[in-house]
file final-v4.cif (mmCIF, C-alpha atoms)
data_start
loop_
_atom_site.group_PDB
_atom_site.id
_atom_site.type_symbol
_atom_site.label_atom_id
_atom_site.label_comp_id
_atom_site.auth_asym_id
_atom_site.auth_seq_id
_atom_site.Cartn_x
_atom_site.Cartn_y
_atom_site.Cartn_z
ATOM 1 C CA MET K 626 9.375 -16.825 -15.518
ATOM 2 C CA THR K 627 8.796 -13.198 -16.497
ATOM 3 C CA HIS K 628 7.485 -10.824 -13.828
ATOM 4 C CA ASN K 629 5.481 -7.760 -14.661
ATOM 5 C CA ASN K 630 3.774 -4.963 -12.815
ATOM 6 C CA ILE K 631 0.202 -5.999 -12.108
ATOM 7 C CA LEU K 632 -2.404 -3.392 -11.163
ATOM 8 C CA PHE K 633 -5.931 -4.077 -9.912
ATOM 9 C CA THR K 634 -8.618 -1.414 -9.951
ATOM 10 C CA GLY K 635 -12.189 -1.395 -8.774
ATOM 11 C CA PRO K 636 -14.657 0.344 -6.514
ATOM 12 C CA PRO K 637 -14.301 0.206 -2.718
ATOM 13 C CA GLY K 638 -15.378 -3.101 -1.232
ATOM 14 C CA CYS K 639 -15.058 -5.178 -4.416
ATOM 15 C CA GLY K 640 -12.324 -7.446 -2.988
ATOM 16 C CA LYS K 641 -9.018 -5.986 -4.227
ATOM 17 C CA THR K 642 -7.232 -6.395 -0.893
ATOM 18 C CA THR K 643 -8.603 -9.924 -0.442
ATOM 19 C CA LEU K 644 -7.326 -10.833 -3.913
ATOM 20 C CA ILE K 645 -3.902 -9.344 -3.181
ATOM 21 C CA LYS K 646 -3.628 -11.282 0.101
ATOM 22 C CA LYS K 647 -4.460 -14.538 -1.687
ATOM 23 C CA ILE K 648 -1.881 -13.844 -4.409
ATOM 24 C CA VAL K 649 0.817 -13.028 -1.832
ATOM 25 C CA GLU K 650 0.116 -16.344 -0.080
ATOM 26 C CA GLN K 651 0.770 -18.179 -3.371
ATOM 27 C CA LEU K 652 3.922 -16.322 -4.427
ATOM 28 C CA LEU K 653 7.051 -18.425 -4.614
ATOM 29 C CA THR K 654 9.307 -15.403 -4.134
ATOM 30 C CA PRO K 655 9.757 -13.291 -1.014
ATOM 31 C CA SER K 656 7.510 -10.221 -0.818
ATOM 32 C CA THR K 657 7.596 -6.818 0.796
ATOM 33 C CA GLY K 658 5.110 -3.964 0.853
ATOM 34 C CA PHE K 659 1.806 -3.240 2.537
ATOM 35 C CA ILE K 660 -1.937 -3.691 2.525
ATOM 36 C CA THR K 661 -4.568 -1.434 4.060
ATOM 37 C CA ARG K 662 -7.336 -2.465 6.403
ATOM 38 C CA GLU K 663 -10.533 -0.770 7.472
ATOM 39 C CA ILE K 664 -11.098 0.210 11.076
ATOM 40 C CA ARG K 665 -14.729 -0.360 12.019
ATOM 41 C CA GLU K 666 -16.591 0.715 15.122
ATOM 42 C CA LYS K 667 -20.192 -0.384 15.695
ATOM 43 C CA GLY K 668 -20.340 -1.583 12.098
ATOM 44 C CA LYS K 669 -19.264 1.725 10.581
ATOM 45 C CA ARG K 670 -15.945 2.468 8.893
ATOM 46 C CA VAL K 671 -14.053 5.092 10.878
ATOM 47 C CA GLY K 672 -10.540 4.763 9.511
ATOM 48 C CA PHE K 673 -7.791 2.741 7.912
ATOM 49 C CA THR K 674 -4.507 1.152 8.929
ATOM 50 C CA ILE K 675 -1.362 0.404 6.967
ATOM 51 C CA ASN K 676 -0.163 -3.162 7.544
ATOM 52 C CA THR K 677 3.230 -4.148 6.180
ATOM 53 C CA LEU K 678 3.867 -7.697 5.045
ATOM 54 C CA ASP K 679 6.520 -7.989 7.772
ATOM 55 C CA GLY K 680 4.038 -7.179 10.552
ATOM 56 C CA GLU K 681 4.206 -3.426 11.193
ATOM 57 C CA GLU K 682 0.944 -1.538 11.605
ATOM 58 C CA ALA K 683 0.210 2.184 11.672
ATOM 59 C CA LEU K 684 -2.798 4.449 11.446
ATOM 60 C CA LEU K 685 -3.342 5.710 7.884
ATOM 61 C CA ALA K 686 -6.463 7.796 8.466
ATOM 62 C CA HIS K 687 -9.273 8.200 10.961
ATOM 63 C CA ILE K 688 -12.298 10.396 11.575
ATOM 64 C CA ASN K 689 -11.136 11.201 15.127
ATOM 65 C CA VAL K 690 -7.555 12.348 14.591
ATOM 66 C CA SER K 691 -6.403 15.855 13.972
ATOM 67 C CA GLY K 692 -4.173 16.784 11.118
ATOM 68 C CA ARG K 693 -3.649 18.991 8.141
ATOM 69 C CA TYR K 694 -4.563 16.484 5.436
ATOM 70 C CA ARG K 695 -8.107 15.388 4.793
ATOM 71 C CA VAL K 696 -9.749 13.013 2.317
ATOM 72 C CA GLY K 697 -13.501 13.023 2.711
ATOM 73 C CA ARG K 698 -14.285 12.707 6.391
ATOM 74 C CA TYR K 699 -10.919 11.144 7.216
ATOM 75 C CA ARG K 700 -7.802 12.917 8.475
ATOM 76 C CA VAL K 701 -4.698 11.342 6.962
ATOM 77 C CA VAL K 702 -1.585 10.555 9.031
ATOM 78 C CA LEU K 703 1.105 11.442 6.494
ATOM 79 C CA GLU K 704 3.898 10.292 8.830
ATOM 80 C CA SER K 705 2.566 6.715 8.685
ATOM 81 C CA ILE K 706 2.758 6.741 4.903
ATOM 82 C CA ASP K 707 6.295 8.161 4.870
ATOM 83 C CA ASN K 708 7.666 6.124 7.791
ATOM 84 C CA ILE K 709 5.857 2.777 7.438
ATOM 85 C CA ALA K 710 4.360 2.309 3.956
ATOM 86 C CA VAL K 711 7.196 3.789 1.883
ATOM 87 C CA PRO K 712 10.071 1.870 3.527
ATOM 88 C CA SER K 713 8.071 -1.362 3.146
ATOM 89 C CA MET K 714 7.991 -0.786 -0.633
ATOM 90 C CA ILE K 715 11.784 -0.934 -0.998
ATOM 91 C CA PRO K 716 12.868 -4.492 -1.883
ATOM 92 C CA LYS K 717 15.792 -5.882 0.087
ATOM 93 C CA THR K 718 16.837 -8.223 -2.724
ATOM 94 C CA GLU K 719 16.393 -8.113 -6.481
ATOM 95 C CA ASN K 720 14.097 -11.161 -6.352
ATOM 96 C CA GLU K 721 11.638 -9.707 -3.857
ATOM 97 C CA SER K 722 8.126 -8.900 -5.084
ATOM 98 C CA VAL K 723 6.703 -5.535 -4.028
ATOM 99 C CA VAL K 724 3.053 -5.326 -2.964
ATOM 100 C CA VAL K 725 1.324 -1.935 -2.851
ATOM 101 C CA ASP K 726 -2.318 -2.424 -1.913
ATOM 102 C CA GLU K 727 -3.401 1.176 -2.350
ATOM 103 C CA ILE K 728 -2.345 3.976 -4.665
ATOM 104 C CA GLY K 729 -5.205 6.242 -3.668
ATOM 105 C CA LYS K 730 -5.872 9.826 -2.672
ATOM 106 C CA MET K 731 -4.695 9.323 0.894
ATOM 107 C CA GLU K 732 -1.385 7.724 -0.032
ATOM 108 C CA CYS K 733 -0.729 10.165 -2.863
ATOM 109 C CA LEU K 734 -0.786 13.099 -0.445
ATOM 110 C CA SER K 735 2.812 12.032 0.243
ATOM 111 C CA SER K 736 5.282 13.162 -2.426
ATOM 112 C CA PHE K 737 7.699 10.565 -0.996
ATOM 113 C CA PHE K 738 5.091 7.835 -1.648
ATOM 114 C CA ARG K 739 4.403 9.051 -5.211
ATOM 115 C CA LYS K 740 8.116 9.073 -6.055
ATOM 116 C CA THR K 741 8.684 5.641 -4.513
ATOM 117 C CA VAL K 742 5.769 4.094 -6.433
ATOM 118 C CA LEU K 743 7.226 5.377 -9.710
ATOM 119 C CA ASP K 744 10.697 4.153 -8.749
ATOM 120 C CA VAL K 745 9.374 0.692 -7.860
ATOM 121 C CA LEU K 746 7.380 0.421 -11.101
ATOM 122 C CA ASP K 747 10.511 1.384 -13.075
ATOM 123 C CA MET K 748 12.874 -1.033 -11.302
ATOM 124 C CA PRO K 749 14.672 -3.447 -13.551
ATOM 125 C CA ASN K 750 13.569 -7.023 -13.061
ATOM 126 C CA PRO K 751 16.311 -9.663 -13.197
ATOM 127 C CA ASP K 752 13.850 -12.232 -14.576
ATOM 128 C CA LYS K 753 12.549 -9.979 -17.337
ATOM 129 C CA PRO K 754 14.478 -10.281 -20.606
ATOM 130 C CA GLU K 755 16.006 -7.028 -21.800
ATOM 131 C CA PRO K 756 14.831 -5.821 -25.248
#

call {"tool": "encode", "arguments": {"input": "final-v4.cif", "output": "structure tokens"}}
result
Amino acid sequence: MTHNNILFTGPPGCGKTTLIKKIVEQLLTPSTGFITREIREKGKRVGFTINTLDGEEALLAHINVSGRYRVGRYRVVLESIDNIAVPSMIPKTENESVVVDEIGKMECLSSFFRKTVLDVLDMPNPDKPEP
């Protein structure tokens, strides 16, 4: 079977993360990477978490944290991207699928994240025939 990079785009709330979770459940190969989840208080979105496929969780952004980086009304926790999301994107074996739920403004504030995304997309795939 040939594996390719698959990218989903769409407006917020259209179901991209739900689709990714369903695909990951059906994969026959091991997976690594992360998804993001909304943090809601009293029905309103106040932030986001990073959740790795191996169970780590960290704050990605929130309206009530301080920090240098801002996207809209959210302050971004760059350390969570660099220390939780990025390491989760590095496959441990050549057969492991990499899941990156978000390549958005918040994540792209990290140069480490941007470089890792490009590296992951350029990785050779042992199942893909060479030209």

call {"tool": "resolve_selection", "arguments": {"input": "final-v4.cif", "expression": "the PyMOL selection byres ((chain K and resi 680-690) around 7)", "output": "list in words"}}
result
Val671, Gly672, Phe673, Thr674, Ile675, Asn676, Thr677, Leu678, Asp679, Ser691, Gly692, Arg698, Tyr699, Arg700, Val701, Val702, Ser705 and Ile706 of chain K

call {"tool": "closest_residue", "arguments": {"input": "final-v4.cif", "among": "K:Met731, K:Met748, K:Leu703, K:Ile631", "to": "Thr718 of chain K", "atoms": "all atoms listed in the file"}}
result
K:Met748

call {"tool": "closest_residue", "arguments": {"input": "final-v4.cif", "among": "K:Asn629, K:Thr741, K:Ser656, K:Ser735", "to": "Pro716 of chain K", "atoms": "only C-alpha atoms"}}
result
K:Ser656

call {"tool": "closest_residue", "arguments": {"input": "final-v4.cif", "among": "K:Phe633, K:Gly638, K:Ile728, K:Leu746", "to": "Arg670 of chain K", "atoms": "only C-alpha atoms"}}
result
K:Gly638

call {"tool": "atom_distance", "arguments": {"input": "final-v4.cif", "atom1": "atom CA of Val725 of chain K", "atom2": "atom CA of Pro637 of chain K"}}
result
15.8 Å

call {"tool": "atom_distance", "arguments": {"input": "final-v4.cif", "atom1": "atom CA of Pro655 of chain K", "atom2": "atom CA of Glu719 of chain K"}}
result
10.0 Å

call {"tool": "atom_distance", "arguments": {"input": "final-v4.cif", "atom1": "atom CA of Pro749 of chain K", "atom2": "atom CA of Thr643 of chain K"}}
result
27.5 Å

call {"tool": "closest_residue", "arguments": {"input": "final-v4.cif", "among": "K:Asp744, K:Thr657, K:Arg693, K:Gly635", "to": "Gly729 of chain K", "atoms": "only C-alpha atoms"}}
result
K:Gly635

call {"tool": "closest_residue", "arguments": {"input": "final-v4.cif", "among": "K:Leu743, K:Asn720, K:Glu732, K:Met714", "to": "Gly658 of chain K", "atoms": "only C-alpha atoms"}}
result
K:Met714

call {"tool": "closest_residue", "arguments": {"input": "final-v4.cif", "among": "K:Ile660, K:Glu704, K:Leu653, K:Lys717", "to": "Lys641 of chain K", "atoms": "all atoms listed in the file"}}
result
K:Ile660
